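Below is one structure, written out as structure tokens, with a few remarks after it.
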Amino acid sequence: MDIAKLLFSKIFSAFMDVFPIIVVIAFFQMVIIQKPFPQLSQTLFGIVLVVMGLFIFILGLESALFPIGEKMANEFALKGSTWWIIFFGFSLGFSTTIAEPALTIIASKAGELAAGAGAIGNDKSAIASFVLGLRFTVAFSVGLAIAIGVARILKGWPLIWFIIGGYTLIVITTFFAPQEIIGIAYDSGGIATSTITVPLVTALGVGLATSIRGRNPMLDGFGLIALACLSPIIFVLGYGILVYGTSGL
Amino acid sequence: MNSGMLELLENALSGTLFDILPIILVLGFFQIAIIRKAIPHLKQKLVGLVLVVLGLGIFIVGLEQCVFPIGTQMAHQLTDLHFLAGNDSVMAETLQNSKHIAPGIYLWTYVFAFLIGFSTTLAEPALIAVAFKARDITIGAISAWGLRITVALGVATGVTLGAYRIVTGDPLHYYIATGYILLLIQTWFAPKQIIPLAYDSGGVTTSTVTVPLIAALGIGLASNVPGRSPLIDGFGLIAFASLFPMFTVMAYAMITEKRTKRKETDEPT
């Protein structure tokens, strides 16, 4: 009985991810555009896939990866040595970002668009290596951001200096970056931190801040995600310079 | 369609195995090398891993086959010249021939962007979790509903302004850099307690379903508005959607702080 209840609530929350989209689109289609939605049956089938896939995915995350990861994050926060915690933070950030589905999808679209515009070679292997390079760049920079963020929590450095420093770096790098990469770079921060990364990284941050005396979980526990949103922008801009060359000022 | 779907699913499954491998390696390594304890309920965890790979595979096919096309279709329909001209074929032709299309004509696109941003954020489970946590940590000074509406308004405004930017074709970094400067100024005046939460709210608010949809909307817009390139102009909506909640969350905290202060001076105890 309890299991049925749990499953139902999981399906419901997966459906809730899609529901507002369906409502808004149905409203627009009927009231504003006043035409039937193109390829309706295929789209409906796709929605079923999205809800079902998300449900199975989240169920798996919550029964396997989250409990292990959260427990590990808490144990590290309690008794890990500084360097191990920082290394753990990096590994956690990197590996969870590689698995983010939104990043997978958008990186491959960016690859198609870049190839279509003639910015990179228009063959499968060139696109695949561009896409993989992009995903690794984002994952590496999220890992680095978490490592720095963990060190910040341990030392109690104020978040604001990192934010200001990060923004300054972004502005400077943007100057040299080719315009083909700027959009995807600025988007990458928001794309990288999603379903898998946020719960595990937040667990690490709040665990650390609660276990260290004199740290306020509100002030120190949050803030890891903020850094993880910032650093991919800098590194993807750098990746763009590497792939396309500088903007030629 | 079905055999194509199967092949897609097969590709997606082998892809997700590769995507999940780093997490398995990381958790496995730290468990064996550092924690040195057996994982409790190992069998159940292994079943969970299989579910992750399977679910992620199906989900990615769904995103690719459904969510992304929905975004581009909506952009396509909302920027269609006949739709813009209100099905008036004479006017559609004038639009077709005019060199400069006023950004205001895409009004419904902005309304759509606003509604999608607002509704998906309000229903976002990750945000609901953060909102409850924030309420508990601030002992009720920040109400869960207040935070959700604040963040949703931020995302909605961000996506709308981002859509406008794609239509006009202005350089993205002018907008974002201005945003950063305003943000830093606002941070100076905002209550210190709220700052990390405000900065985090930008990242957690857009779910795995919403992000591809919004990205597709942007790419679709840039492909259909005359004079725009999808590669150069199409991205950037997510950046706007992550930036604006920071403004609204800090503003919300500033207003509640002012209100409680006023209450304290009004009712001296």
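In the structure tokens, chains take the letters A, B, ... in the order shown, each chain's residues start at 1, and ligands count up from 1 in the order shown.
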Item to complete: With a distance threshold of 6 Å and counting only C-alpha atoms, extract the residues of chain B near chain A and express them as a list in words.
Response: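 Therefore, the residues near the partner are Asp19, Ile20, Pro22, Ile23, Lys45, Gly48, Leu49, Leu51, Val52, Gly55, Leu56, Ile58, Phe59, Gly62, Cys66, Ser119, Thr120, Pro196, Leu197, Tyr199, Asp200, Gly203, Thr208, Leu231, Ile232, Phe235, Gly236, Ile238 and Ala239 of chain B.
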Tell me, as a compact mmCIF listing (two decimals) with N, CA and C atoms, in the first residue's frame, which residues lie within 12 Å of A:Ser129, counting only C-alpha atoms; anything in the same chain fewer than 3 positions away does not count.
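Done, and the output landed in out_38.txt:
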# COMPACT_ATOMS: atom_id res chain seq x y z
N ALA A 107 23.95 20.43 -25.54
CA ALA A 107 25.28 20.38 -26.14
C ALA A 107 25.21 19.79 -27.54
N SER A 108 24.38 18.75 -27.73
CA SER A 108 24.32 18.14 -29.05
C SER A 108 23.63 19.08 -30.05
N GLY A 111 26.17 21.56 -31.08
CA GLY A 111 27.07 20.96 -32.06
C GLY A 111 26.46 20.98 -33.45
N GLU A 112 25.17 20.60 -33.55
CA GLU A 112 24.49 20.61 -34.85
C GLU A 112 24.46 22.00 -35.45
N ALA A 115 27.87 23.11 -36.64
CA ALA A 115 28.21 22.46 -37.90
C ALA A 115 27.39 23.04 -39.05
N ILE A 120 32.25 24.57 -37.39
CA ILE A 120 33.12 23.40 -37.25
C ILE A 120 32.82 22.47 -38.41
N GLY A 121 33.61 21.41 -38.57
CA GLY A 121 33.41 20.49 -39.68
C GLY A 121 32.03 19.86 -39.63
N ASN A 122 31.39 19.68 -40.79
CA ASN A 122 30.03 19.15 -40.81
C ASN A 122 30.02 17.64 -41.02
N ASP A 123 30.78 16.90 -40.21
CA ASP A 123 30.66 15.45 -40.26
C ASP A 123 30.46 14.94 -38.84
N LYS A 124 30.04 13.66 -38.77
CA LYS A 124 29.62 13.12 -37.47
C LYS A 124 30.72 13.20 -36.42
N SER A 125 31.96 12.86 -36.81
CA SER A 125 33.00 12.79 -35.80
C SER A 125 33.40 14.18 -35.31
N ALA A 126 33.37 15.18 -36.22
CA ALA A 126 33.70 16.54 -35.81
C ALA A 126 32.66 17.06 -34.82
N LEU A 132 31.37 16.51 -27.13
CA LEU A 132 32.01 15.89 -25.98
C LEU A 132 32.95 16.89 -25.29
N GLY A 133 33.69 17.67 -26.11
CA GLY A 133 34.58 18.69 -25.55
C GLY A 133 33.79 19.70 -24.73
N LEU A 134 32.64 20.09 -25.27
CA LEU A 134 31.79 21.06 -24.56
C LEU A 134 31.32 20.50 -23.23
N ARG A 135 30.84 19.24 -23.25
CA ARG A 135 30.34 18.65 -22.02
C ARG A 135 31.45 18.46 -20.98
N PHE A 136 32.64 18.06 -21.44
CA PHE A 136 33.74 17.89 -20.50
C PHE A 136 34.18 19.23 -19.93
N THR A 137 34.16 20.27 -20.76
CA THR A 137 34.53 21.60 -20.27
C THR A 137 33.58 22.04 -19.17
N VAL A 243 38.42 26.63 -29.81
CA VAL A 243 37.88 26.00 -31.02
C VAL A 243 37.82 26.97 -32.20
Practice prompt. Skip B:Leu81 itself and residues of its chain fewer than 3 positions away, then list as a list in words all residues within 9 Å of it, counting only C-alpha atoms.
Written response: Gln77, Leu78, Leu84, Ala85, Gly86, Asn87, Met91, Ala92, Glu93, Leu95 and Gln96 of chain B
Worksheet item: Could you pull out the helix (DSSP H, G or I) residues of stretch 118-265 of chain B from DSSP and send them as a PyMOL selection string?
Response: chain B and resi 118-122+125-137+144-168+172-189+192-204+210-224+230-233+237-265
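For the pair atom CA of B:Trp108 and atom CA of B:Phe244, the interatomic distance is 20.9 Å.
The environment of A:Phe176 within 12 Å, counting only C-alpha atoms and disregarding residues fewer than 5 places along the same chain, consists of Leu169, Ile170, Val171, Ile181, Ile182, Ile234, Leu237, Gly238, Tyr239, Gly240, Ile241, Leu242, Tyr244, Gly245, Thr246, Ser247, Gly248 and Leu249 of chain A.
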Export of the given selection (N, CA and C atoms) as a short mmCIF file (atom, residue, chain, number, x, y, z; two decimals), in the first residue's frame:
data_model
loop_
_atom_site.label_atom_id
_atom_site.label_comp_id
_atom_site.auth_asym_id
_atom_site.auth_seq_id
_atom_site.Cartn_x
_atom_site.Cartn_y
_atom_site.Cartn_z
N LEU A 169 35.98 38.07 -14.26
CA LEU A 169 36.61 37.16 -15.21
C LEU A 169 35.74 36.92 -16.43
N ILE A 170 34.42 36.77 -16.19
CA ILE A 170 33.50 36.54 -17.31
C ILE A 170 33.56 37.72 -18.28
N VAL A 171 33.49 38.95 -17.73
CA VAL A 171 33.48 40.13 -18.59
C VAL A 171 34.78 40.20 -19.39
N ILE A 181 30.21 31.54 -29.50
CA ILE A 181 30.21 30.76 -28.27
C ILE A 181 29.52 31.50 -27.12
N ILE A 182 29.35 32.82 -27.24
CA ILE A 182 28.90 33.60 -26.07
C ILE A 182 27.54 33.12 -25.55
N ILE A 234 32.91 30.99 -17.77
CA ILE A 234 34.30 31.35 -18.06
C ILE A 234 34.97 30.27 -18.91
N LEU A 237 33.57 29.89 -22.52
CA LEU A 237 34.12 30.99 -23.34
C LEU A 237 35.54 30.63 -23.76
N GLY A 238 36.32 30.10 -22.81
CA GLY A 238 37.69 29.67 -23.11
C GLY A 238 37.70 28.56 -24.15
N TYR A 239 36.75 27.63 -24.04
CA TYR A 239 36.64 26.54 -25.01
C TYR A 239 36.35 27.10 -26.40
N GLY A 240 35.48 28.12 -26.45
CA GLY A 240 35.16 28.76 -27.72
C GLY A 240 36.39 29.40 -28.35
N ILE A 241 37.19 30.06 -27.52
CA ILE A 241 38.42 30.67 -28.04
C ILE A 241 39.33 29.59 -28.60
N LEU A 242 39.38 28.45 -27.89
CA LEU A 242 40.23 27.33 -28.32
C LEU A 242 39.75 26.77 -29.65
N TYR A 244 37.30 28.18 -31.94
CA TYR A 244 37.08 29.12 -33.05
C TYR A 244 38.18 30.15 -33.20
N GLY A 245 39.05 30.31 -32.20
CA GLY A 245 40.00 31.42 -32.20
C GLY A 245 39.37 32.64 -31.55
N THR A 246 40.17 33.67 -31.27
CA THR A 246 39.65 34.85 -30.58
C THR A 246 38.77 35.67 -31.52
N SER A 247 38.05 36.61 -30.92
CA SER A 247 37.11 37.38 -31.71
C SER A 247 37.82 38.36 -32.64
N GLY A 248 39.13 38.49 -32.50
CA GLY A 248 39.88 39.37 -33.39
C GLY A 248 39.59 40.82 -33.14
N LEU A 249 39.99 41.28 -31.96
CA LEU A 249 39.75 42.69 -31.61
C LEU A 249 40.69 43.60 -32.39
#
Worksheet item: Which residues, written as an MDAnalysis selection string, have at least one atom at most 9 Å from A:Ser231, with only C-alpha atoms counted and residues fewer than 6 positions away on the same chain left out?
Response: chainID A and resid 138 141:142 144:145 166 170 189
Residues from the last selection, C-alpha atoms, saved as an mmCIF file, in the first residue's frame:
data_model
loop_
_atom_site.group_PDB
_atom_site.id
_atom_site.type_symbol
_atom_site.label_atom_id
_atom_site.label_comp_id
_atom_site.auth_asym_id
_atom_site.auth_seq_id
_atom_site.Cartn_x
_atom_site.Cartn_y
_atom_site.Cartn_z
ATOM 1 C CA VAL A 138 31.280 22.274 -18.422
ATOM 2 C CA SER A 141 34.390 23.754 -14.496
ATOM 3 C CA VAL A 142 31.509 22.638 -12.255
ATOM 4 C CA LEU A 144 36.416 23.098 -10.019
ATOM 5 C CA ALA A 145 33.691 25.424 -8.741
ATOM 6 C CA GLY A 166 33.904 35.445 -11.223
ATOM 7 C CA ILE A 170 33.500 36.543 -17.312
ATOM 8 C CA GLY A 189 25.816 27.721 -16.071
#
Worksheet item: Could you state the separation of atom CA of B:Ala251 and atom CA of B:Thr150 in Å, given to one decimal place?
Response: 8.9 Å
Practice prompt. Give the answer as one residue: which of B:Asn224, B:Ser242, B:Thr210, B:Ser14 has the shortest atom-to-atom distance to B:Ile70, using only C-alpha atoms?
Written response: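 Nearest to B:Ile70: B:Thr210.
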Practice prompt. Would you mind reading off the distance between atom CA of B:Asn11 and atom CA of B:Ile219, one decimal, in Å?
Written response: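 Computing the Euclidean distance for atom CA of B:Asn11 and atom CA of B:Ile219 yields 24.5 Å.
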Practice prompt. Would you list the contacts of B:Pro226 as an MDAnalysis selection string, taking every protein, DNA or RNA residue within 12 Å and counting only C-alpha atoms, but skipping same-chain residues closer than 6 positions in sequence?
Written response: chainID B and resid 79:81 95:103 166:169 220 233
